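Below: the structure, in structure tokens.
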Amino acid sequence: MLSRRRRRLGVTAGAALAFAAGAGLLVWKVTRPAQAYRPGEAIEGLTAELARSLPPDYPRVTYRDVTAEAGIRFTHFGGTRSSQIVEDMGSGAAWGDYDNDGWEDLFVVNASGPVTWPEARHRASPARSTLYRNNGDGTFTDRTGETGLGGRPGFWTAAAWADYDRDGHLDLYVTGYVQFVLRPPTTQAGEVNIEEPPSINPSSFAPARNLLFRNTGRGAFTEVAARTGVVDSLGRGLAASWVDLDEDGWLDLYVGNDVSDNVLYRNLGGGRFQDISHAARVADYRSAMGVAVGDWDNDGDQDMVVTHWIAQENALYNNRLSQLRAANPGTTPPLQFMDEADRYGLGQIALDFIGWGAAFLDYDNDGRLDLFVVNGSTFQRRSSRRLNSMKSESRRDSRSDSVSTNPRSTCRSSVARRFPASCSTLLRIEASGLRISCA
């Protein structure tokens, strides 16, 4: 039997050997030569952490196309493309119960056809901006002319309903894109990139103004954008969303602009707005295409997602209102946002896509908002004047799960809504027309 002294010496020696082995291993890891990186190989780190996928048994949701049975005869761009930007951009869509009958109506922005058409053919085109009134029986009726929402010359791209003046009637905001002038597509070899000639590049054109239609409550609208201060004449508008971001009871307006600063208009009440874009840190200089609003992180305030052109990443603007209130009790903090797209897996994953319409919706009813993003190419095929295809994406609670909704789609817009009340609806505008799908 070992004496107490020998047992102590044995324990001490064992501990010393273990420490020496651990120290040696640490030194080896620190001083060993780094492995050379080979492009394309799988590596640990940020890229691997963002590549999260859903389990194979996640709940599926299916949709059924009900456009025809709803009585909507919408043609998106009626003609053959001639490589002009007015033929590619848009069209936006917005749901809203403008006549307060309890049924959501639909306004869709559109272009009549190729700019090379004669004026008479443009007037006769079935492709035009349209207000569809919901009849309450699953069908719609065109009410564009009698409400005063049609017939305005311009390049209109997106629409958003809201009762901005709190008079009980929904008003309509419509974004203008550029002041279009006909530019014959270049055919000289080497002069420009044939995939994006100047005739389809927004930077080649001056920006256009936006419109705000105030609902009179008598089935008609009056245009008041200049009077209220929301013209945004310096922006090339492609998206707009109404939301009370500062929680003062008045709906604010965020406008997504292509190759020009985005604008956040704070609603001051009394039909007046204030531009607080830079102070709120959302005057994004990238090419904004679509805007989605929702409290994705369930912290009590409204956040925003902005989709962008290729290689620009999408933005996830987290509203810091709840954090600033918690840090400064009893105060009214100014609106402030932080782009955290990369942190939550929505940034890098969008680099290869051209994002357009986006919508938050809890499609699996788990209490957390999911995100649907529509992608569509603006690059021409080298072999023809048709646009390339690009797949759309869905994000389930910020976990990456790309799905191809239509491998041949050049989709532009997507709006999630309930129509009728028993149906969860997804509206998509593609090159071939408008599609309403019901789950």
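Quick note on naming: the chains in the structure tokens go A, B, ... in the order shown, residues restart at 1 in each chain, and ligands are numbered from 1 in order of appearance.
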
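For Asp258 in chain A, the non-local neighbours within 6 Å, defined as residues at least 4 positions apart in the same chain or in other chains and counting only C-alpha atoms, are Arg236, Ser287 and Ala288 of chain A.
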
Next, dump the selected residues to file, keeping only N, CA and C atoms, as a tab-separated table (two decimals), in the first residue's frame.
chain	number	residue	atom	x	y	z
A	236	ARG	N	-36.51	57.51	-58.27
A	236	ARG	CA	-37.06	56.63	-59.30
A	236	ARG	C	-37.82	55.52	-58.58
A	287	SER	N	-30.03	50.18	-55.33
A	287	SER	CA	-31.18	50.11	-56.26
A	287	SER	C	-32.31	49.35	-55.61
A	288	ALA	N	-33.19	50.06	-54.91
A	288	ALA	CA	-34.32	49.43	-54.22
A	288	ALA	C	-35.38	49.01	-55.23

Determine, using only C-alpha atoms, which residues of range 145-253 of chain A have any atom at most 12 Å from an atom of range 275-286 of chain A, and tabulate each with its shortest atom pair and distance in Å to one decimal place, rows ordered by chain and then rising number, as JSON lines.
{"residue": "A:Thr228", "atom": "CA", "partner": "A:Asp275", "partner_atom": "CA", "distance": 11.4}
{"residue": "A:Gly229", "atom": "CA", "partner": "A:Asp275", "partner_atom": "CA", "distance": 8.7}
{"residue": "A:Val230", "atom": "CA", "partner": "A:Asp275", "partner_atom": "CA", "distance": 8.5}
{"residue": "A:Val231", "atom": "CA", "partner": "A:Asp275", "partner_atom": "CA", "distance": 11.0}
{"residue": "A:Asp232", "atom": "CA", "partner": "A:Asp275", "partner_atom": "CA", "distance": 9.6}
{"residue": "A:Gly235", "atom": "CA", "partner": "A:Tyr285", "partner_atom": "CA", "distance": 10.5}
{"residue": "A:Arg236", "atom": "CA", "partner": "A:Tyr285", "partner_atom": "CA", "distance": 11.5}
{"residue": "A:Leu245", "atom": "CA", "partner": "A:Ala280", "partner_atom": "CA", "distance": 10.6}
{"residue": "A:Asp246", "atom": "CA", "partner": "A:Ala280", "partner_atom": "CA", "distance": 10.7}
{"residue": "A:Asp252", "atom": "CA", "partner": "A:Asp275", "partner_atom": "CA", "distance": 10.1}
{"residue": "A:Leu253", "atom": "CA", "partner": "A:Asp275", "partner_atom": "CA", "distance": 9.6}

Could you write out the selected residues, including all heavy atoms, as a CSV table (one decimal), in the first residue's frame?
chain,number,residue,atom,x,y,z
A,228,THR,N,-49.2,67.8,-50.0
A,228,THR,CA,-48.9,67.1,-48.8
A,228,THR,C,-47.3,66.9,-48.6
A,228,THR,O,-46.9,66.6,-47.5
A,228,THR,CB,-49.5,65.7,-48.7
A,228,THR,OG1,-49.2,65.0,-49.9
A,228,THR,CG2,-51.0,65.8,-48.6
A,229,GLY,N,-46.6,67.1,-49.7
A,229,GLY,CA,-45.1,67.0,-49.6
A,229,GLY,C,-44.5,65.7,-49.8
A,229,GLY,O,-43.5,65.3,-49.3
A,230,VAL,N,-45.2,64.8,-50.6
A,230,VAL,CA,-44.7,63.4,-50.8
A,230,VAL,C,-44.5,63.2,-52.3
A,230,VAL,O,-44.6,62.0,-52.8
A,230,VAL,CB,-45.7,62.4,-50.2
A,230,VAL,CG1,-45.7,62.5,-48.7
A,230,VAL,CG2,-47.1,62.5,-50.8
A,231,VAL,N,-44.2,64.2,-53.1
A,231,VAL,CA,-43.9,64.0,-54.5
A,231,VAL,C,-42.7,63.2,-54.8
A,231,VAL,O,-42.7,62.4,-55.7
A,231,VAL,CB,-43.8,65.4,-55.2
A,231,VAL,CG1,-43.3,65.3,-56.6
A,231,VAL,CG2,-45.1,66.2,-55.1
A,232,ASP,N,-41.6,63.4,-54.0
A,232,ASP,CA,-40.4,62.6,-54.2
A,232,ASP,C,-39.9,62.7,-55.7
A,232,ASP,O,-39.6,61.7,-56.3
A,232,ASP,CB,-40.5,61.2,-53.8
A,232,ASP,CG,-39.2,60.4,-53.8
A,232,ASP,OD1,-38.1,61.1,-53.7
A,232,ASP,OD2,-39.2,59.2,-53.9
A,235,GLY,N,-36.6,60.8,-56.9
A,235,GLY,CA,-36.5,59.4,-56.8
A,235,GLY,C,-37.1,58.6,-57.9
A,235,GLY,O,-38.0,59.1,-58.6
A,236,ARG,N,-36.5,57.5,-58.3
A,236,ARG,CA,-37.1,56.6,-59.3
A,236,ARG,C,-37.8,55.5,-58.6
A,236,ARG,O,-37.3,54.5,-58.3
A,236,ARG,CB,-35.9,56.1,-60.2
A,236,ARG,CG,-35.2,57.1,-61.0
A,236,ARG,CD,-33.9,56.6,-61.6
A,236,ARG,NE,-33.2,57.5,-62.4
A,236,ARG,CZ,-32.3,58.4,-61.9
A,236,ARG,NH1,-31.9,58.3,-60.6
A,236,ARG,NH2,-31.6,59.2,-62.7
A,245,LEU,N,-44.4,53.8,-38.1
A,245,LEU,CA,-43.1,53.4,-37.6
A,245,LEU,C,-42.8,53.9,-36.3
A,245,LEU,O,-42.2,53.3,-35.4
A,245,LEU,CB,-42.0,53.7,-38.6
A,245,LEU,CG,-42.1,53.0,-39.9
A,245,LEU,CD1,-41.1,53.6,-40.9
A,245,LEU,CD2,-41.8,51.5,-39.7
A,246,ASP,N,-43.2,55.2,-36.0
A,246,ASP,CA,-42.9,55.8,-34.7
A,246,ASP,C,-44.1,55.7,-33.7
A,246,ASP,O,-44.0,56.2,-32.6
A,246,ASP,CB,-42.6,57.3,-34.9
A,246,ASP,CG,-43.7,58.1,-35.6
A,246,ASP,OD1,-44.7,57.5,-35.9
A,246,ASP,OD2,-43.5,59.2,-35.9
A,252,ASP,N,-46.9,56.5,-41.5
A,252,ASP,CA,-45.8,57.1,-42.2
A,252,ASP,C,-45.6,56.4,-43.6
A,252,ASP,O,-46.2,55.3,-43.8
A,252,ASP,CB,-44.5,56.9,-41.4
A,252,ASP,CG,-44.7,57.4,-39.9
A,252,ASP,OD1,-45.0,58.6,-39.8
A,252,ASP,OD2,-44.6,56.6,-39.0
A,253,LEU,N,-44.8,56.9,-44.4
A,253,LEU,CA,-44.7,56.4,-45.8
A,253,LEU,C,-43.2,56.2,-46.1
A,253,LEU,O,-42.4,57.1,-46.0
A,253,LEU,CB,-45.3,57.4,-46.8
A,253,LEU,CG,-45.1,57.1,-48.3
A,253,LEU,CD1,-45.8,55.8,-48.7
A,253,LEU,CD2,-45.7,58.3,-49.1

(Q) Applying 9 Å and only C-alpha atoms, which residues near Met89 in chain A remain after dropping the ones on its own chain fewer than 5 positions away? List them as JSON, numbers by chain. (A) {"A": [111, 157, 177, 238, 378, 412]}

Q: Mind checking which residues fall within 12 Å of Arg227 in chain A, counting only C-alpha atoms, ignoring those fewer than 2 positions away in the same chain, and posting them as an MDAnalysis selection string?
A: chainID A and resid 211:214 222:225 229:231 270:273

Can you write out the residues you just picked, keeping N, CA and C atoms, as a PDB file, in the first residue's frame?
ATOM      1  N   LEU A 211     -47.510  60.108 -57.061  1.00  0.00           N
ATOM      2  CA  LEU A 211     -48.884  60.592 -56.934  1.00  0.00           C
ATOM      3  C   LEU A 211     -49.498  60.125 -55.616  1.00  0.00           C
ATOM      4  N   LEU A 212     -50.291  60.982 -54.984  1.00  0.00           N
ATOM      5  CA  LEU A 212     -51.078  60.602 -53.809  1.00  0.00           C
ATOM      6  C   LEU A 212     -52.536  60.957 -54.092  1.00  0.00           C
ATOM      7  N   PHE A 213     -53.379  59.918 -54.196  1.00  0.00           N
ATOM      8  CA  PHE A 213     -54.796  60.108 -54.465  1.00  0.00           C
ATOM      9  C   PHE A 213     -55.566  60.062 -53.141  1.00  0.00           C
ATOM     10  N   ARG A 214     -56.174  61.199 -52.775  1.00  0.00           N
ATOM     11  CA  ARG A 214     -56.988  61.248 -51.562  1.00  0.00           C
ATOM     12  C   ARG A 214     -58.408  60.811 -51.886  1.00  0.00           C
ATOM     13  N   THR A 222     -58.859  62.495 -55.422  1.00  0.00           N
ATOM     14  CA  THR A 222     -58.219  63.757 -55.800  1.00  0.00           C
ATOM     15  C   THR A 222     -56.722  63.639 -55.569  1.00  0.00           C
ATOM     16  N   GLU A 223     -55.903  64.079 -56.529  1.00  0.00           N
ATOM     17  CA  GLU A 223     -54.445  63.957 -56.421  1.00  0.00           C
ATOM     18  C   GLU A 223     -53.876  65.110 -55.589  1.00  0.00           C
ATOM     19  N   VAL A 224     -53.124  64.773 -54.484  1.00  0.00           N
ATOM     20  CA  VAL A 224     -52.664  65.790 -53.532  1.00  0.00           C
ATOM     21  C   VAL A 224     -51.197  65.616 -53.143  1.00  0.00           C
ATOM     22  N   ALA A 225     -50.375  64.960 -53.952  1.00  0.00           N
ATOM     23  CA  ALA A 225     -48.987  64.688 -53.566  1.00  0.00           C
ATOM     24  C   ALA A 225     -48.198  65.963 -53.304  1.00  0.00           C
ATOM     25  N   GLY A 229     -46.582  67.109 -49.677  1.00  0.00           N
ATOM     26  CA  GLY A 229     -45.124  67.028 -49.589  1.00  0.00           C
ATOM     27  C   GLY A 229     -44.541  65.651 -49.806  1.00  0.00           C
ATOM     28  N   VAL A 230     -45.208  64.807 -50.605  1.00  0.00           N
ATOM     29  CA  VAL A 230     -44.704  63.446 -50.833  1.00  0.00           C
ATOM     30  C   VAL A 230     -44.476  63.169 -52.317  1.00  0.00           C
ATOM     31  N   VAL A 231     -44.157  64.196 -53.088  1.00  0.00           N
ATOM     32  CA  VAL A 231     -43.932  64.038 -54.524  1.00  0.00           C
ATOM     33  C   VAL A 231     -42.706  63.190 -54.812  1.00  0.00           C
ATOM     34  N   GLY A 270     -52.635  66.309 -40.144  1.00  0.00           N
ATOM     35  CA  GLY A 270     -53.108  67.496 -40.832  1.00  0.00           C
ATOM     36  C   GLY A 270     -52.726  67.554 -42.292  1.00  0.00           C
ATOM     37  N   GLY A 271     -52.453  66.395 -42.912  1.00  0.00           N
ATOM     38  CA  GLY A 271     -52.096  66.365 -44.316  1.00  0.00           C
ATOM     39  C   GLY A 271     -50.692  66.856 -44.603  1.00  0.00           C
ATOM     40  N   ARG A 272     -49.763  66.744 -43.632  1.00  0.00           N
ATOM     41  CA  ARG A 272     -48.383  67.201 -43.818  1.00  0.00           C
ATOM     42  C   ARG A 272     -47.414  66.068 -43.507  1.00  0.00           C
ATOM     43  N   PHE A 273     -46.311  66.009 -44.265  1.00  0.00           N
ATOM     44  CA  PHE A 273     -45.280  64.996 -44.073  1.00  0.00           C
ATOM     45  C   PHE A 273     -43.900  65.645 -43.986  1.00  0.00           C
TER      46      PHE A 273
END

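Distance-wise, CA of Phe372 in chain A and CA of Ala68 in chain A end up 23.7 Å apart.
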
Would you kindly return, as a JSON list (two decimals) with N, CA, C and O atoms, in the first residue's frame, each protein, DNA or RNA residue with an atom no farther than 7 Å from any atom of Gly347 in chain A, considering only C-alpha atoms and excluding same-chain residues fewer than 5 positions away?
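selection-v1.json was written with the following content:
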[["chain", "number", "residue", "atom", "x", "y", "z"],
["A", 313, "GLU", "N", -27.09, 42.86, -52.25],
["A", 313, "GLU", "CA", -27.71, 42.30, -51.05],
["A", 313, "GLU", "C", -29.06, 42.96, -50.77],
["A", 313, "GLU", "O", -29.28, 44.11, -51.13],
["A", 314, "ASN", "N", -29.96, 42.25, -50.15],
["A", 314, "ASN", "CA", -31.19, 42.84, -49.64],
["A", 314, "ASN", "C", -30.92, 43.44, -48.27],
["A", 314, "ASN", "O", -29.96, 43.08, -47.60],
["A", 315, "ALA", "N", -31.76, 44.37, -47.85],
["A", 315, "ALA", "CA", -31.59, 45.04, -46.56],
["A", 315, "ALA", "C", -32.67, 44.59, -45.58],
["A", 315, "ALA", "O", -33.83, 44.41, -45.97],
["A", 341, "ALA", "N", -29.19, 42.64, -42.26],
["A", 341, "ALA", "CA", -29.48, 41.55, -43.19],
["A", 341, "ALA", "C", -28.45, 40.44, -43.10],
["A", 341, "ALA", "O", -28.79, 39.25, -43.09],
["A", 342, "ASP", "N", -27.17, 40.80, -43.07],
["A", 342, "ASP", "CA", -26.12, 39.77, -43.00],
["A", 342, "ASP", "C", -26.19, 38.98, -41.70],
["A", 342, "ASP", "O", -25.97, 37.77, -41.69]]

Q: Do a neighbour search on Asp163 in chain A at 9 Å with only C-alpha atoms, toss out local chain neighbours closer than 5 positions, and write the hits as JSON, numbers by chain.
A: {"A": [168, 169, 170, 171, 172, 214, 215, 251]}

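Reported to one decimal place, the separation of CA of Met289 in chain A from CA of Trp250 in chain A is 25.0 Å.
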
Q. Among range 139-279 of chain A, which residues carry a DSSP assignment of helix (DSSP H, G or I), reported as a ChimeraX atom specification?
A. /A:144-147,198-200,202-204,225-228

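In this model, the gap between CA of Trp156 in chain A and CA of Ser129 in chain A comes to 8.5 Å.
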